[in-house]
Amino acid sequence: MKYSIDQIATLIGARRIGTAEGNISFLLTDSRSLSFPEETLFFALCTRHGNGHKYIEDLYKRGVRNFVVSEDIDIKCDANFLVVNDTLAALQRLAERHRDEFQIPVVGITGSNGKTVVKEWLYQLIMPSKNVTRSPRSYNSQIGVPLSVWLLNEDSEVGLFEAGISKTDEMSRLANIIQPTIGIFTCLGQAHQENFHSIEEKCREKFCLFENCKELIYPADNDTVFRVLKGSKFKGEKLGWSTTDSNAAFYVSNIEKGENSTRITYNFKGTDGEYTIPYISEASIENSITCAVAALHLGLTTSELADRMTNLEPVAMRLEVKNGRNGCMLINDSYNSDLASLDIALDFMHRRPDKRGYRRTLILSDIEQSGMTAKELCRSVSDLAVSRGIDKFIGIGTMLKENANLIKIDNSSFYEDTEAFLDSKDFSELHDELILIKGARRFSFDTITEQLVEKVHETTLEVNLSAVVANLNWYRSKMKPGTKMVCMIKADGYGAGAIEIAKTLQDHRVDYLAVAVADEGVALRKAGITANIMIMNPEMTAFKTMFDYDLEPEVYSFRLLDALRHAARKEGITGLPIHIKLDTGMHRLGFHPIDDMPQLIDYLKHQNALTPRSVFSHFVGSDDDVFDDFSQQQYDLFTKGADALQGAFSHHILRHICNSAGIEHFPERQMDMCRLGLGLYGINPRDNSIINNVSTLKTTILQLRHVKAGDSIGYSRRTVLDKDSLIAAIPIGYADGLNRHLGNRGGYCLVNGKKAEYVGNICMDVCMIDVTGIDCQEGDSVEIFGNELPITELSDRLDTIPYEVLTGISNRVKRVYYEE
């Protein structure tokens, strides 16, 4: 649907400035995701960590002519500016008025977990019968929900929208936008609990979504949900599901798990039925039950439900980035295929900075059940691909091949099926390309990924880039508005891979990146990182490198300061930003804040090669309350030195002393900037708890062997078995970063969720684990640390810190990056 700019001005109550013609089809809140500027309306959102108004000039140059603003700006004569008090409120109001145009079933989905899976599975179940519009991936926030509802169009017959909250007073706004006719509450858990006094308070907030629903689907066996529902304003039909109450609307009478599938027998409003899903986890079973209630209520027959449940596909919760053969980089999204998720994947690909001259290649399968004609679909695919800068297009499937003329990319080729492509010259000649692999599951695109991915060590470190962002935002939420952020990515991003971490952080607009030495900064620059980069341990032999690559050194001594000034003058450089380190008690490196300050100021004032950009110090013990008195002394000393330095210069010098622990423990000392290190990687240094796990180290079982009691395992016969045992060999050793002190039952890993102790001495490339009593086979996955086995368990056993474990992972371990 299109709206004229005048219609939108009226709908959001805006004052219009400008007379340019304009019809709006697309809403934009992130300037990096621009596709179709002529029909785009940009909302200049103001958040704690960014102001969209500063991107207006760039968007204007790129062709956007319609803007919603709340600040005075330099107005262009041929652009439209809709002036409002609050741009986010205007976005939400526009989506709300757009929703008013549709008298169709709209499902609002909330809960602690499972929202996206329920939405996607429900989509799979009802899409063959109805044209469904749904939230892209997990667009369930105050911004994501209005963007999702905006996707409703003339062809929509059912809407499926997620709603997520993290604090009180958020859900009512989302309810006004979604206006659900059917409510789904998936489950109640601890996610986002930190901003609620109790789990019951969080449940009540979520139930605000359902006040005006005609029907509500919910887990009736949960006592808290039952109590909150009883006390809520909901007056519609209650469609609770239960495994214990035969009077429930949907009664589950039997759950029978097989090796790889589960059969559920039920009664829905007096009608018996059963279905089988190709999953056995408890979460999958509960999600399927929720979907079954909704699908039956929306008109599916019991036989249709049974047929479609059998073919439920796993939900793609992540985009994986992998190194490929022949210099290629792969973005693997070979789980689903539809226009909305294609747009997101292309946007992810388009945002990746790169200076290696990669061609951008899209390998795409037919998109099925889109509700569009083949020609309309292919034109839309072509428009998206062209707008995102795709250089090469490879289409797989009959529909794409028959409409090849509609794909307006010069370098295009088409194949009937995946096998034909794998046998082709196009496949064998792929090289030095950034490749997005995206296809419907029946096309088996995983075989393309398997053949393109670089074949290395079977041990991998999986890095969750979404968790990095979640950790960044968790700490940002604890910072004062306007406080800048330095993110530490030294030691190759704490072992996670500095380049991919840096790309993610730059995409989320952190103020500074910090590395140890100049070579680390050069690697980032060569990978396309343009953000400010601080060098924490500058070497005098690397001055020229820092000048050439716009790297900003830390300065901690007069000797280093003098050498840097001489090198800068020799190169004709003036005003090089430097970061002054003060020693307030660490006694490692730095100027004395009192004794050295007069000489330091005099030196800096009588030269123009170097300019102090920031002044900083380190807390010795912000992670432990026992050091609070000493931390106060450090802070007082630092403040005196920093104030003296600032007093000597007219420009603003940034002050920073808080690390990850300090951000949380000393909010009053956050000053101009904070440095986020270990917390970025998911470990809270205050209590060693996991915030959002970033890195998971995994390997596989190479071989299983039955070993008799009394026999020894490994070098030097250090472990002697006291009973007949099943021993597995796994391809990870001390050369990969697995500490030898974990051997001989000094630690354990997880095999299929069960503890398996390390036995024998850990070797360079292989170690052995005791899997006696564990149901496993060769090829099964083994978790060394990660989501199920926190890295802090290893560091505690080794009497060390998580930093050492993370940074000790060898570069020969393959890194696999993904976004959820």
# chains A, B, ... in the order shown; residues from 1 in each chain; ligands from 1

$ residues_around --residues "stretch 802-809 of chain A" --least-positions-apart "6" --cutoff "6 Å" --atoms "only C-alpha atoms" --output "PDB file with N, CA, C and O atoms, in the first residue's frame"
ATOM      1  N   TYR A 494      39.602 -10.869  22.124  1.00  0.00           N
ATOM      2  CA  TYR A 494      39.535 -11.841  23.232  1.00  0.00           C
ATOM      3  C   TYR A 494      39.345 -13.266  22.689  1.00  0.00           C
ATOM      4  O   TYR A 494      38.632 -14.076  23.265  1.00  0.00           O
ATOM      5  N   GLY A 495      40.019 -13.525  21.571  1.00  0.00           N
ATOM      6  CA  GLY A 495      39.972 -14.852  20.982  1.00  0.00           C
ATOM      7  C   GLY A 495      38.811 -15.092  20.045  1.00  0.00           C
ATOM      8  O   GLY A 495      38.773 -16.103  19.347  1.00  0.00           O
ATOM      9  N   ASP A 736      45.522 -26.284  20.594  1.00  0.00           N
ATOM     10  CA  ASP A 736      44.290 -25.555  20.289  1.00  0.00           C
ATOM     11  C   ASP A 736      43.888 -24.615  21.424  1.00  0.00           C
ATOM     12  O   ASP A 736      42.953 -23.815  21.261  1.00  0.00           O
ATOM     13  N   GLY A 737      44.578 -24.737  22.558  1.00  0.00           N
ATOM     14  CA  GLY A 737      44.254 -23.881  23.694  1.00  0.00           C
ATOM     15  C   GLY A 737      43.578 -24.596  24.841  1.00  0.00           C
ATOM     16  O   GLY A 737      43.122 -23.956  25.791  1.00  0.00           O
ATOM     17  N   THR A 792      33.404 -19.926  32.708  1.00  0.00           N
ATOM     18  CA  THR A 792      33.852 -19.693  34.079  1.00  0.00           C
ATOM     19  C   THR A 792      34.051 -20.994  34.851  1.00  0.00           C
ATOM     20  O   THR A 792      34.816 -21.040  35.812  1.00  0.00           O
ATOM     21  N   SER A 795      37.641 -21.757  33.931  1.00  0.00           N
ATOM     22  CA  SER A 795      38.600 -20.846  34.567  1.00  0.00           C
ATOM     23  C   SER A 795      38.671 -21.083  36.068  1.00  0.00           C
ATOM     24  O   SER A 795      39.752 -20.990  36.666  1.00  0.00           O
TER      25      SER A 795
END

$ select_by_dssp --residues "stretch 138-236 of chain A" --states "helix (DSSP H, G or I)" --output "ChimeraX atom specification"
/A:144-149,171-178,193-195,199-210,223-230

$ write_last_selection --atoms "C-alpha atoms" --output "compact mmCIF listing (two decimals), in the first residue's frame"
# COMPACT_ATOMS: atom_id res chain seq x y z
CA GLY A 144 10.44 -3.47 15.17
CA VAL A 145 6.70 -3.90 15.78
CA PRO A 146 5.57 -0.80 13.82
CA LEU A 147 7.91 -1.72 10.97
CA SER A 148 6.38 -5.22 10.97
CA VAL A 149 2.74 -4.04 11.01
CA MET A 171 3.41 -3.52 26.10
CA SER A 172 0.43 -1.15 25.95
CA ARG A 173 2.07 0.76 23.10
CA LEU A 174 2.69 -2.44 21.17
CA ALA A 175 -0.89 -3.59 21.80
CA ASN A 176 -2.22 -0.39 20.25
CA ILE A 177 -0.12 -1.00 17.15
CA ILE A 178 -0.79 -4.72 16.66
CA GLN A 193 13.70 -10.30 34.27
CA GLU A 194 16.20 -7.67 35.47
CA ASN A 195 13.77 -4.74 35.02
CA ILE A 199 8.08 -12.75 37.47
CA GLU A 200 4.39 -12.14 38.13
CA GLU A 201 4.84 -8.41 37.41
CA LYS A 202 6.47 -9.29 34.10
CA CYS A 203 3.62 -11.66 33.27
CA ARG A 204 1.03 -8.93 33.99
CA GLU A 205 2.89 -6.52 31.71
CA LYS A 206 2.89 -9.05 28.88
CA PHE A 207 -0.83 -9.67 29.34
CA CYS A 208 -1.50 -6.03 28.41
CA LEU A 209 -1.23 -7.26 24.81
CA PHE A 210 -4.40 -9.34 25.19
CA ASP A 223 0.23 -21.36 37.99
CA THR A 224 1.54 -17.81 37.54
CA VAL A 225 -0.06 -17.47 34.11
CA PHE A 226 -3.33 -18.82 35.50
CA ARG A 227 -3.32 -16.30 38.38
CA VAL A 228 -2.46 -13.34 36.16
CA LEU A 229 -5.09 -14.29 33.61
CA LYS A 230 -7.72 -14.58 36.35

$ select_by_dssp --residues "stretch 25-214 of chain A" --states "strand (DSSP E or B)" --output "PDB file with N, CA, C and O atoms, in the first residue's frame"
ATOM      1  N   PHE A  26       7.832   2.650   1.811  1.00  0.00           N
ATOM      2  CA  PHE A  26       8.817   2.072   2.718  1.00  0.00           C
ATOM      3  C   PHE A  26       9.102   3.026   3.870  1.00  0.00           C
ATOM      4  O   PHE A  26       9.232   4.243   3.677  1.00  0.00           O
ATOM      5  N   LEU A  27       9.224   2.445   5.086  1.00  0.00           N
ATOM      6  CA  LEU A  27       9.616   3.199   6.264  1.00  0.00           C
ATOM      7  C   LEU A  27      11.046   2.833   6.624  1.00  0.00           C
ATOM      8  O   LEU A  27      11.433   1.668   6.566  1.00  0.00           O
ATOM      9  N   LEU A  28      11.828   3.828   7.028  1.00  0.00           N
ATOM     10  CA  LEU A  28      13.244   3.614   7.324  1.00  0.00           C
ATOM     11  C   LEU A  28      13.587   4.267   8.654  1.00  0.00           C
ATOM     12  O   LEU A  28      13.240   5.423   8.897  1.00  0.00           O
ATOM     13  N   THR A  40      10.697   6.194   0.127  1.00  0.00           N
ATOM     14  CA  THR A  40      11.046   5.949   1.524  1.00  0.00           C
ATOM     15  C   THR A  40      10.751   7.174   2.391  1.00  0.00           C
ATOM     16  O   THR A  40      11.024   8.314   1.996  1.00  0.00           O
ATOM     17  N   LEU A  41      10.212   6.908   3.573  1.00  0.00           N
ATOM     18  CA  LEU A  41      10.025   7.928   4.601  1.00  0.00           C
ATOM     19  C   LEU A  41      10.968   7.599   5.753  1.00  0.00           C
ATOM     20  O   LEU A  41      10.857   6.536   6.371  1.00  0.00           O
ATOM     21  N   PHE A  42      11.895   8.518   6.042  1.00  0.00           N
ATOM     22  CA  PHE A  42      12.889   8.287   7.094  1.00  0.00           C
ATOM     23  C   PHE A  42      12.445   8.951   8.387  1.00  0.00           C
ATOM     24  O   PHE A  42      12.131  10.143   8.411  1.00  0.00           O
ATOM     25  N   PHE A  43      12.419   8.148   9.464  1.00  0.00           N
ATOM     26  CA  PHE A  43      12.117   8.654  10.800  1.00  0.00           C
ATOM     27  C   PHE A  43      13.437   8.891  11.539  1.00  0.00           C
ATOM     28  O   PHE A  43      14.172   7.939  11.789  1.00  0.00           O
ATOM     29  N   CYS A  46      15.563   9.519  17.923  1.00  0.00           N
ATOM     30  CA  CYS A  46      16.535   9.954  18.925  1.00  0.00           C
ATOM     31  C   CYS A  46      16.539   8.932  20.059  1.00  0.00           C
ATOM     32  O   CYS A  46      15.511   8.725  20.704  1.00  0.00           O
ATOM     33  N   THR A  47      17.679   8.277  20.263  1.00  0.00           N
ATOM     34  CA  THR A  47      17.801   7.266  21.309  1.00  0.00           C
ATOM     35  C   THR A  47      18.909   7.672  22.274  1.00  0.00           C
ATOM     36  O   THR A  47      19.571   8.704  22.082  1.00  0.00           O
ATOM     37  N   GLY A  50      22.158   7.543  19.984  1.00  0.00           N
ATOM     38  CA  GLY A  50      22.238   8.000  18.605  1.00  0.00           C
ATOM     39  C   GLY A  50      21.136   8.986  18.286  1.00  0.00           C
ATOM     40  O   GLY A  50      20.096   9.032  18.941  1.00  0.00           O
ATOM     41  N   ASN A  51      21.379   9.782  17.257  1.00  0.00           N
ATOM     42  CA  ASN A  51      20.413  10.777  16.810  1.00  0.00           C
ATOM     43  C   ASN A  51      20.292  10.681  15.302  1.00  0.00           C
ATOM     44  O   ASN A  51      21.231  10.994  14.569  1.00  0.00           O
ATOM     45  N   ASN A  66      11.840  12.469   1.863  1.00  0.00           N
ATOM     46  CA  ASN A  66      10.768  12.550   2.852  1.00  0.00           C
ATOM     47  C   ASN A  66      11.292  12.148   4.225  1.00  0.00           C
ATOM     48  O   ASN A  66      11.826  11.047   4.391  1.00  0.00           O
ATOM     49  N   PHE A  67      11.119  13.049   5.204  1.00  0.00           N
ATOM     50  CA  PHE A  67      11.705  12.860   6.515  1.00  0.00           C
ATOM     51  C   PHE A  67      10.699  13.231   7.606  1.00  0.00           C
ATOM     52  O   PHE A  67       9.939  14.189   7.461  1.00  0.00           O
ATOM     53  N   VAL A  68      10.727  12.464   8.707  1.00  0.00           N
ATOM     54  CA  VAL A  68       9.991  12.829   9.913  1.00  0.00           C
ATOM     55  C   VAL A  68      11.024  13.259  10.941  1.00  0.00           C
ATOM     56  O   VAL A  68      11.935  12.493  11.273  1.00  0.00           O
ATOM     57  N   VAL A  69      10.902  14.504  11.441  1.00  0.00           N
ATOM     58  CA  VAL A  69      11.937  15.079  12.292  1.00  0.00           C
ATOM     59  C   VAL A  69      11.311  15.700  13.537  1.00  0.00           C
ATOM     60  O   VAL A  69      10.112  15.997  13.570  1.00  0.00           O
ATOM     61  N   ASN A  80      10.569  17.020   1.770  1.00  0.00           N
ATOM     62  CA  ASN A  80       9.455  17.179   2.703  1.00  0.00           C
ATOM     63  C   ASN A  80       9.921  16.820   4.107  1.00  0.00           C
ATOM     64  O   ASN A  80      10.539  15.770   4.312  1.00  0.00           O
ATOM     65  N   PHE A  81       9.583  17.700   5.057  1.00  0.00           N
ATOM     66  CA  PHE A  81       9.900  17.440   6.447  1.00  0.00           C
ATOM     67  C   PHE A  81       8.606  17.484   7.249  1.00  0.00           C
ATOM     68  O   PHE A  81       7.895  18.493   7.233  1.00  0.00           O
ATOM     69  N   LEU A  82       8.296  16.365   7.892  1.00  0.00           N
ATOM     70  CA  LEU A  82       7.131  16.290   8.752  1.00  0.00           C
ATOM     71  C   LEU A  82       7.603  16.482  10.190  1.00  0.00           C
ATOM     72  O   LEU A  82       8.304  15.625  10.743  1.00  0.00           O
ATOM     73  N   VAL A  83       7.244  17.603  10.784  1.00  0.00           N
ATOM     74  CA  VAL A  83       7.773  17.983  12.089  1.00  0.00           C
ATOM     75  C   VAL A  83       6.825  17.499  13.183  1.00  0.00           C
ATOM     76  O   VAL A  83       5.627  17.809  13.179  1.00  0.00           O
ATOM     77  N   VAL A 106      -5.608 -11.103  13.253  1.00  0.00           N
ATOM     78  CA  VAL A 106      -4.236 -10.702  13.560  1.00  0.00           C
ATOM     79  C   VAL A 106      -3.841 -11.356  14.880  1.00  0.00           C
ATOM     80  O   VAL A 106      -4.511 -11.184  15.898  1.00  0.00           O
ATOM     81  N   VAL A 107      -2.768 -12.119  14.829  1.00  0.00           N
ATOM     82  CA  VAL A 107      -2.292 -12.867  15.989  1.00  0.00           C
ATOM     83  C   VAL A 107      -1.148 -12.099  16.638  1.00  0.00           C
ATOM     84  O   VAL A 107      -0.135 -11.810  15.987  1.00  0.00           O
ATOM     85  N   GLY A 108      -1.304 -11.759  17.924  1.00  0.00           N
ATOM     86  CA  GLY A 108      -0.241 -11.125  18.693  1.00  0.00           C
ATOM     87  C   GLY A 108       0.416 -12.148  19.592  1.00  0.00           C
ATOM     88  O   GLY A 108      -0.261 -12.816  20.377  1.00  0.00           O
ATOM     89  N   ILE A 109       1.737 -12.289  19.474  1.00  0.00           N
ATOM     90  CA  ILE A 109       2.466 -13.358  20.164  1.00  0.00           C
ATOM     91  C   ILE A 109       3.464 -12.748  21.138  1.00  0.00           C
ATOM     92  O   ILE A 109       4.298 -11.923  20.750  1.00  0.00           O
ATOM     93  N   THR A 110       3.390 -13.148  22.389  1.00  0.00           N
ATOM     94  CA  THR A 110       4.388 -12.725  23.356  1.00  0.00           C
ATOM     95  C   THR A 110       4.685 -13.880  24.297  1.00  0.00           C
ATOM     96  O   THR A 110       4.065 -14.945  24.226  1.00  0.00           O
ATOM     97  N   VAL A 132      -0.255 -14.901   4.404  1.00  0.00           N
ATOM     98  CA  VAL A 132       0.120 -14.480   5.747  1.00  0.00           C
ATOM     99  C   VAL A 132       1.177 -13.386   5.685  1.00  0.00           C
ATOM    100  O   VAL A 132       2.152 -13.489   4.953  1.00  0.00           O
ATOM    101  N   THR A 133       0.981 -12.336   6.473  1.00  0.00           N
ATOM    102  CA  THR A 133       2.009 -11.314   6.683  1.00  0.00           C
ATOM    103  C   THR A 133       2.512 -11.462   8.117  1.00  0.00           C
ATOM    104  O   THR A 133       1.719 -11.526   9.053  1.00  0.00           O
ATOM    105  N   ARG A 134       3.832 -11.513   8.279  1.00  0.00           N
ATOM    106  CA  ARG A 134       4.368 -11.756   9.615  1.00  0.00           C
ATOM    107  C   ARG A 134       5.575 -10.868   9.883  1.00  0.00           C
ATOM    108  O   ARG A 134       6.163 -10.295   8.964  1.00  0.00           O
ATOM    109  N   VAL A 158      -4.038 -12.969   6.989  1.00  0.00           N
ATOM    110  CA  VAL A 158      -3.749 -13.207   8.406  1.00  0.00           C
ATOM    111  C   VAL A 158      -2.467 -12.445   8.745  1.00  0.00           C
ATOM    112  O   VAL A 158      -1.530 -12.402   7.938  1.00  0.00           O
ATOM    113  N   GLY A 159      -2.416 -11.855   9.925  1.00  0.00           N
ATOM    114  CA  GLY A 159      -1.199 -11.214  10.404  1.00  0.00           C
ATOM    115  C   GLY A 159      -0.647 -11.952  11.607  1.00  0.00           C
ATOM    116  O   GLY A 159      -1.405 -12.360  12.490  1.00  0.00           O
ATOM    117  N   LEU A 160       0.676 -12.138  11.629  1.00  0.00           N
ATOM    118  CA  LEU A 160       1.361 -12.780  12.763  1.00  0.00           C
ATOM    119  C   LEU A 160       2.454 -11.840  13.239  1.00  0.00           C
ATOM    120  O   LEU A 160       3.430 -11.616  12.524  1.00  0.00           O
ATOM    121  N   PHE A 161       2.313 -11.317  14.450  1.00  0.00           N
ATOM    122  CA  PHE A 161       3.275 -10.330  14.928  1.00  0.00           C
ATOM    123  C   PHE A 161       3.728 -10.641  16.346  1.00  0.00           C
ATOM    124  O   PHE A 161       2.922 -10.912  17.231  1.00  0.00           O
ATOM    125  N   GLU A 162       5.051 -10.584  16.546  1.00  0.00           N
ATOM    126  CA  GLU A 162       5.641 -10.762  17.873  1.00  0.00           C
ATOM    127  C   GLU A 162       5.635  -9.441  18.636  1.00  0.00           C
ATOM    128  O   GLU A 162       5.713  -8.367  18.035  1.00  0.00           O
ATOM    129  N   ILE A 182      -6.399 -12.300  18.096  1.00  0.00           N
ATOM    130  CA  ILE A 182      -6.072 -13.560  18.767  1.00  0.00           C
ATOM    131  C   ILE A 182      -4.752 -13.358  19.503  1.00  0.00           C
ATOM    132  O   ILE A 182      -3.777 -12.862  18.932  1.00  0.00           O
ATOM    133  N   GLY A 183      -4.700 -13.717  20.773  1.00  0.00           N
ATOM    134  CA  GLY A 183      -3.481 -13.599  21.547  1.00  0.00           C
ATOM    135  C   GLY A 183      -2.839 -14.946  21.782  1.00  0.00           C
ATOM    136  O   GLY A 183      -3.535 -15.950  21.973  1.00  0.00           O
ATOM    137  N   ILE A 184      -1.522 -14.982  21.754  1.00  0.00           N
ATOM    138  CA  ILE A 184      -0.773 -16.196  22.101  1.00  0.00           C
ATOM    139  C   ILE A 184       0.265 -15.839  23.155  1.00  0.00           C
ATOM    140  O   ILE A 184       1.082 -14.942  22.958  1.00  0.00           O
ATOM    141  N   PHE A 185       0.207 -16.554  24.282  1.00  0.00           N
ATOM    142  CA  PHE A 185       1.242 -16.456  25.307  1.00  0.00           C
ATOM    143  C   PHE A 185       2.023 -17.761  25.263  1.00  0.00           C
ATOM    144  O   PHE A 185       1.477 -18.826  25.543  1.00  0.00           O
TER     145      PHE A 185
END

$ residues_around --residues "A:Glu154" --least-positions-apart "3" --cutoff "9 Å" --atoms "only C-alpha atoms" --output "MDAnalysis selection string"
chainID A and resid 1 102 157

$ write_last_selection --atoms "C-alpha atoms" --output "CSV table (one decimal), in the first residue's frame"
chain,number,residue,atom,x,y,z
A,1,MET,CA,0.0,0.0,0.0
A,102,PHE,CA,-7.4,-4.2,8.0
A,157,GLU,CA,-5.4,-12.5,5.0

$ residues_around --residues "stretch 556-571 of chain A" --least-positions-apart "2" --cutoff "12 Å" --atoms "only C-alpha atoms" --output "PyMOL selection string"
chain A and resi 535-548+552-554+573-583+587-593+596-597+599-604+606-612+615-617

$ closest_residue --among "A:Arg717, A:Arg325, A:Arg360, A:Lys269" --to "A:Gln451" --atoms "only C-alpha atoms"
A:Arg325

$ residues_around --residues "A:Ile73" --least-positions-apart "2" --cutoff "10 Å" --atoms "only C-alpha atoms" --output "MDAnalysis selection string"
chainID A and resid 53:54 56:57 69:71 75:76 81

$ residues_around --residues "stretch 721-734 of chain A" --least-positions-apart "2" --cutoff "6 Å" --atoms "only C-alpha atoms" --output "MDAnalysis selection string"
chainID A and resid 700:711 736:739 762:772

$ closest_residue --among "A:Gly236, A:Gly746, A:Gly439, A:Gly327" --to "A:Ala345" --atoms "only C-alpha atoms"
A:Gly439

$ atom_distance --atom1 "atom CA of A:His665" --atom2 "atom CA of A:Gly677"
14.7 Å

$ atom_distance --atom1 "atom CA of A:Leu505" --atom2 "atom CA of A:Val517"
19.1 Å

$ residues_around --residues "A:Ala661" --least-positions-apart "6" --cutoff "8 Å" --atoms "only C-alpha atoms" --output "list of chain:residue names"
A:Ser622, A:Asp623, A:Gly679, A:Asn684, A:Pro685, A:Arg686

$ write_last_selection --atoms "C-alpha atoms" --output "mmCIF file, in the first residue's frame"
data_model
loop_
_atom_site.group_PDB
_atom_site.id
_atom_site.type_symbol
_atom_site.label_atom_id
_atom_site.label_comp_id
_atom_site.auth_asym_id
_atom_site.auth_seq_id
_atom_site.Cartn_x
_atom_site.Cartn_y
_atom_site.Cartn_z
ATOM 1 C CA SER A 622 36.286 -2.249 40.548
ATOM 2 C CA ASP A 623 35.204 -5.891 40.429
ATOM 3 C CA GLY A 679 31.626 -7.685 29.627
ATOM 4 C CA ASN A 684 30.215 -10.048 34.193
ATOM 5 C CA PRO A 685 33.507 -9.390 36.018
ATOM 6 C CA ARG A 686 31.624 -8.414 39.171
#

$ atom_distance --atom1 "atom CA of A:Glu237" --atom2 "atom CA of A:Tyr139"
27.3 Å
